[in-house]
file structure_31.pdb (PDB, C-alpha atoms)
ATOM      1  CA  MET G   1       8.817 -13.390  13.122
ATOM      2  CA  ARG G   2       5.750 -11.331  13.914
ATOM      3  CA  THR G   3       2.438 -12.250  12.345
ATOM      4  CA  CYS G   4      -0.520 -10.040  11.685
ATOM      5  CA  GLU G   5      -3.578  -9.749   9.530
ATOM      6  CA  LEU G   6      -4.198  -6.324   8.043
ATOM      7  CA  SER G   7      -7.499  -4.855   6.962
ATOM      8  CA  ILE G   8      -8.394  -1.401   5.708
ATOM      9  CA  GLU G   9     -10.369   0.967   7.858
ATOM     10  CA  ARG G  10     -13.160   3.008   6.345
ATOM     11  CA  THR G  11     -11.480   6.260   7.373
ATOM     12  CA  VAL G  12      -9.356   6.747   4.273
ATOM     13  CA  CYS G  13      -8.649   9.742   2.104
ATOM     14  CA  TYR G  14      -8.475   9.670  -1.651
ATOM     15  CA  SER G  15      -7.976  12.318  -4.277
ATOM     16  CA  ASP G  16     -10.956  11.611  -6.509
ATOM     17  CA  GLU G  17     -14.215   9.691  -6.620
ATOM     18  CA  GLU G  18     -12.738   7.053  -8.930
ATOM     19  CA  MET G  19     -10.601   5.851  -6.013
ATOM     20  CA  GLN G  20     -13.741   4.829  -4.133
ATOM     21  CA  GLY G  21     -13.674   1.585  -6.147
ATOM     22  CA  PHE G  22     -10.152   0.822  -4.934
ATOM     23  CA  VAL G  23     -11.164   1.555  -1.342
ATOM     24  CA  ASN G  24     -14.149  -0.801  -1.675
ATOM     25  CA  ALA G  25     -11.874  -3.544  -3.036
ATOM     26  CA  CYS G  26      -9.440  -3.047  -0.154
ATOM     27  CA  GLU G  27     -12.211  -3.415   2.405
ATOM     28  CA  GLN G  28     -12.970  -6.903   1.124
ATOM     29  CA  LEU G  29      -9.416  -8.270   1.281
ATOM     30  CA  PHE G  30      -6.883  -8.901   4.011
ATOM     31  CA  LEU G  31      -3.117  -8.684   3.814
ATOM     32  CA  ASN G  32      -0.879 -10.996   5.791
ATOM     33  CA  THR G  33       2.566 -10.308   7.181
ATOM     34  CA  GLY G  34       5.004  -9.648   4.351
ATOM     35  CA  GLN G  35       2.364  -8.968   1.685
ATOM     36  CA  GLY G  36       2.689  -5.576   0.019
ATOM     37  CA  ALA G  37       4.153  -2.473   1.608
ATOM     38  CA  ALA G  38       1.814  -2.674   4.629
ATOM     39  CA  GLY G  39       2.667  -6.308   5.315
ATOM     40  CA  GLN G  40       6.384  -5.573   5.053
ATOM     41  CA  ALA G  41       6.072  -2.621   7.438
ATOM     42  CA  CYS G  42       4.267  -4.890   9.896
ATOM     43  CA  GLU G  43       6.921  -7.591   9.580
ATOM     44  CA  THR G  44       9.986  -5.344   9.893
ATOM     45  CA  CYS G  45       8.589  -2.430  11.965
ATOM     46  CA  LEU G  46      10.272  -0.132   9.415
ATOM     47  CA  PRO G  47       8.837   2.095   6.676
ATOM     48  CA  SER G  48       8.351   0.156   3.455
ATOM     49  CA  PHE G  49       8.375   1.303  -0.156
ATOM     50  CA  GLU G  50       7.068  -0.789  -3.047
ATOM     51  CA  PRO G  51       8.073   0.839  -6.347
ATOM     52  CA  ASP G  52       5.603  -1.069  -8.554
ATOM     53  CA  VAL G  53       2.740  -2.902  -6.833
ATOM     54  CA  LYS G  54       0.836  -3.456 -10.070
ATOM     55  CA  GLU G  55       3.601  -5.804 -11.257
ATOM     56  CA  LYS G  56       3.317  -8.018  -8.170
ATOM     57  CA  HIS G  57       1.657 -11.419  -8.232
ATOM     58  CA  VAL G  58      -1.531 -11.659  -6.165
ATOM     59  CA  SER G  59       0.248 -13.991  -3.722
ATOM     60  CA  GLU G  60       2.714 -11.167  -2.972
ATOM     61  CA  TYR G  61       0.119  -8.396  -3.010
ATOM     62  CA  PRO G  62      -3.558  -9.455  -3.089
ATOM     63  CA  LEU G  63      -4.585  -6.009  -4.357
ATOM     64  CA  ALA G  64      -2.347  -6.195  -7.474
ATOM     65  CA  HIS G  65      -5.302  -6.611  -9.844
ATOM     66  CA  HIS G  66      -7.027  -3.584  -8.342
ATOM     67  CA  ALA G  67      -3.797  -1.558  -8.470
ATOM     68  CA  ARG G  68      -3.641  -2.235 -12.213
ATOM     69  CA  LYS G  69      -7.314  -1.371 -12.676
ATOM     70  CA  TYR G  70      -6.981   1.986 -10.874
ATOM     71  CA  ASN G  71      -3.550   2.827 -12.321
ATOM     72  CA  LEU G  72      -1.728   2.745  -8.985
ATOM     73  CA  ASN G  73       1.972   2.157  -9.083
ATOM     74  CA  ALA G  74       3.913   2.653  -5.878
ATOM     75  CA  ALA G  75       2.995   2.231  -2.227
ATOM     76  CA  VAL G  76       4.560   3.553   0.964
ATOM     77  CA  ALA G  77       3.647   2.143   4.371
ATOM     78  CA  ILE G  78       4.597   3.287   7.867
ATOM     79  CA  LEU G  79       3.954   1.406  11.113
ATOM     80  CA  LEU G  80       2.392   3.547  13.849
ATOM     81  CA  ARG G  81       2.725   2.128  17.345
ATOM     82  CA  SER G  82      -0.029   2.740  19.840
ATOM     83  CA  THR G  83       0.829   3.709  23.391
ATOM     84  CA  GLY G  84      -2.505   2.327  24.550
ATOM     85  CA  ALA G  85      -4.026  -1.116  24.262
ATOM     86  CA  GLY G  86      -1.182  -2.654  22.267
ATOM     87  CA  CYS G  87      -2.783  -2.091  18.874
ATOM     88  CA  ASN G  88      -0.560  -0.962  16.056
ATOM     89  CA  TYR G  89      -1.674   0.798  12.909
ATOM     90  CA  ILE G  90      -0.178   0.978   9.451
ATOM     91  CA  LEU G  91      -0.565   4.057   7.332
ATOM     92  CA  GLU G  92      -0.249   3.237   3.631
ATOM     93  CA  PHE G  93      -0.168   5.630   0.703
ATOM     94  CA  SER G  94      -0.874   4.400  -2.809
ATOM     95  CA  LEU G  95       0.666   6.521  -5.547
ATOM     96  CA  ARG G  96      -0.395   6.822  -9.153
ATOM     97  CA  VAL G  97       2.085   6.239 -11.968
ATOM     98  CA  LEU G  98       2.954   9.908 -12.498
ATOM     99  CA  MET G  99       3.835  10.439  -8.842
ATOM    100  CA  THR G 100       6.183   7.480  -8.490
ATOM    101  CA  TYR G 101       9.453   8.976  -9.661
ATOM    102  CA  PHE G 102       9.188  12.059  -7.468
ATOM    103  CA  ARG G 103       8.167  10.151  -4.354
ATOM    104  CA  ALA G 104      10.742   7.391  -4.822
ATOM    105  CA  ALA G 105      13.607   9.846  -4.439
ATOM    106  CA  ARG G 106      12.471  10.660  -0.900
ATOM    107  CA  PHE G 107      12.864   7.021   0.117
ATOM    108  CA  GLY G 108      16.292   6.586  -1.449
ATOM    109  CA  TYR G 109      15.010   4.453  -4.313
ATOM    110  CA  GLU G 110      16.346   5.123  -7.770
ATOM    111  CA  PRO G 111      13.909   4.011 -10.495
ATOM    112  CA  GLU G 112      15.466   2.277 -13.455
ATOM    113  CA  ALA G 113      15.795   4.436 -16.538
TER
END
call {"tool": "encode", "arguments": {"input": "structure_31.pdb", "output": "structure tokens"}}
result
Amino acid sequence: MRTCELSIERTVCYSDEEMQGFVNACEQLFLNTGQGAAGQACETCLPSFEPDVKEKHVSEYPLAHHARKYNLNAAVAILLRSTGAGCNYILEFSLRVLMTYFRAARFGYEPEA
């Protein structure tokens, strides 16, 4: 099993100024292998989709409290492998509640009715 510690880089994009608070919270926390969509992508080397991160316990996703506070629902993470110095990167998208259903269909996930 591969192990890694994940931290957010300052170079992030967000749709509105309110999301700056979520970005600040992310900068202060680390995710370990298997935690959240990014940790799962790191562990499996496959894209990962979390349909409802705000319902996770903080041991499964340390940013769960912040996801609830900023009304984030789903997360998608993709592992990007570097051809250089052996560093890998994970690109993670956090989706608000209204976007979840439409984005889930692209990843083959059927939300419960």
call {"tool": "residues_around", "arguments": {"input": "structure_31.pdb", "residues": "segment 62-74 of chain G", "least_positions_apart": "6", "cutoff": "7 Å", "atoms": "all atoms listed in the file", "output": "VMD selection string"}}
result
chain G and resid 22 31 50 to 54 56 94 to 97 100
call {"tool": "axis_aligned_box", "arguments": {"input": "structure_31.pdb", "around": "segment 58-77 of chain G", "padding_each_side": "4 Å", "output": "JSON"}}
result
{"center_x": -1.4, "center_y": -5.2, "center_z": -4.2, "size_x": 19.9, "size_y": 25.5, "size_z": 25.0}
call {"tool": "closest_residue", "arguments": {"input": "structure_31.pdb", "among": "G:Gln35, G:Gly84, G:Asn24, G:Met19", "to": "Ser48 of chain G", "atoms": "all atoms listed in the file"}}
result
G:Gln35
call {"tool": "resolve_selection", "arguments": {"input": "structure_31.pdb", "expression": "the PyMOL selection byres ((chain G and resi 80) around 12)", "output": "list in words"}}
result
Ala38, Ala41, Cys42, Cys45, Leu46, Pro47, Ala77, Ile78, Leu79, Arg81, Ser82, Thr83, Gly84, Gly86, Cys87, Asn88, Tyr89, Ile90, Leu91 and Glu92 of chain G
call {"tool": "atom_distance", "arguments": {"input": "structure_31.pdb", "atom1": "atom CA of Asn32 of chain G", "atom2": "atom CA of Val76 of chain G"}}
result
16.3 Å
call {"tool": "closest_residue", "arguments": {"input": "structure_31.pdb", "among": "G:Glu18, G:Glu55, G:Tyr61, G:Phe49", "to": "Gly34 of chain G", "atoms": "all atoms listed in the file"}}
result
G:Tyr61
call {"tool": "atom_distance", "arguments": {"input": "structure_31.pdb", "atom1": "atom CA of Leu29 of chain G", "atom2": "atom CA of Val58 of chain G"}}
result
11.4 Å
call {"tool": "atom_distance", "arguments": {"input": "structure_31.pdb", "atom1": "atom CA of Ala85 of chain G", "atom2": "atom CA of Ala37 of chain G"}}
result
24.1 Å
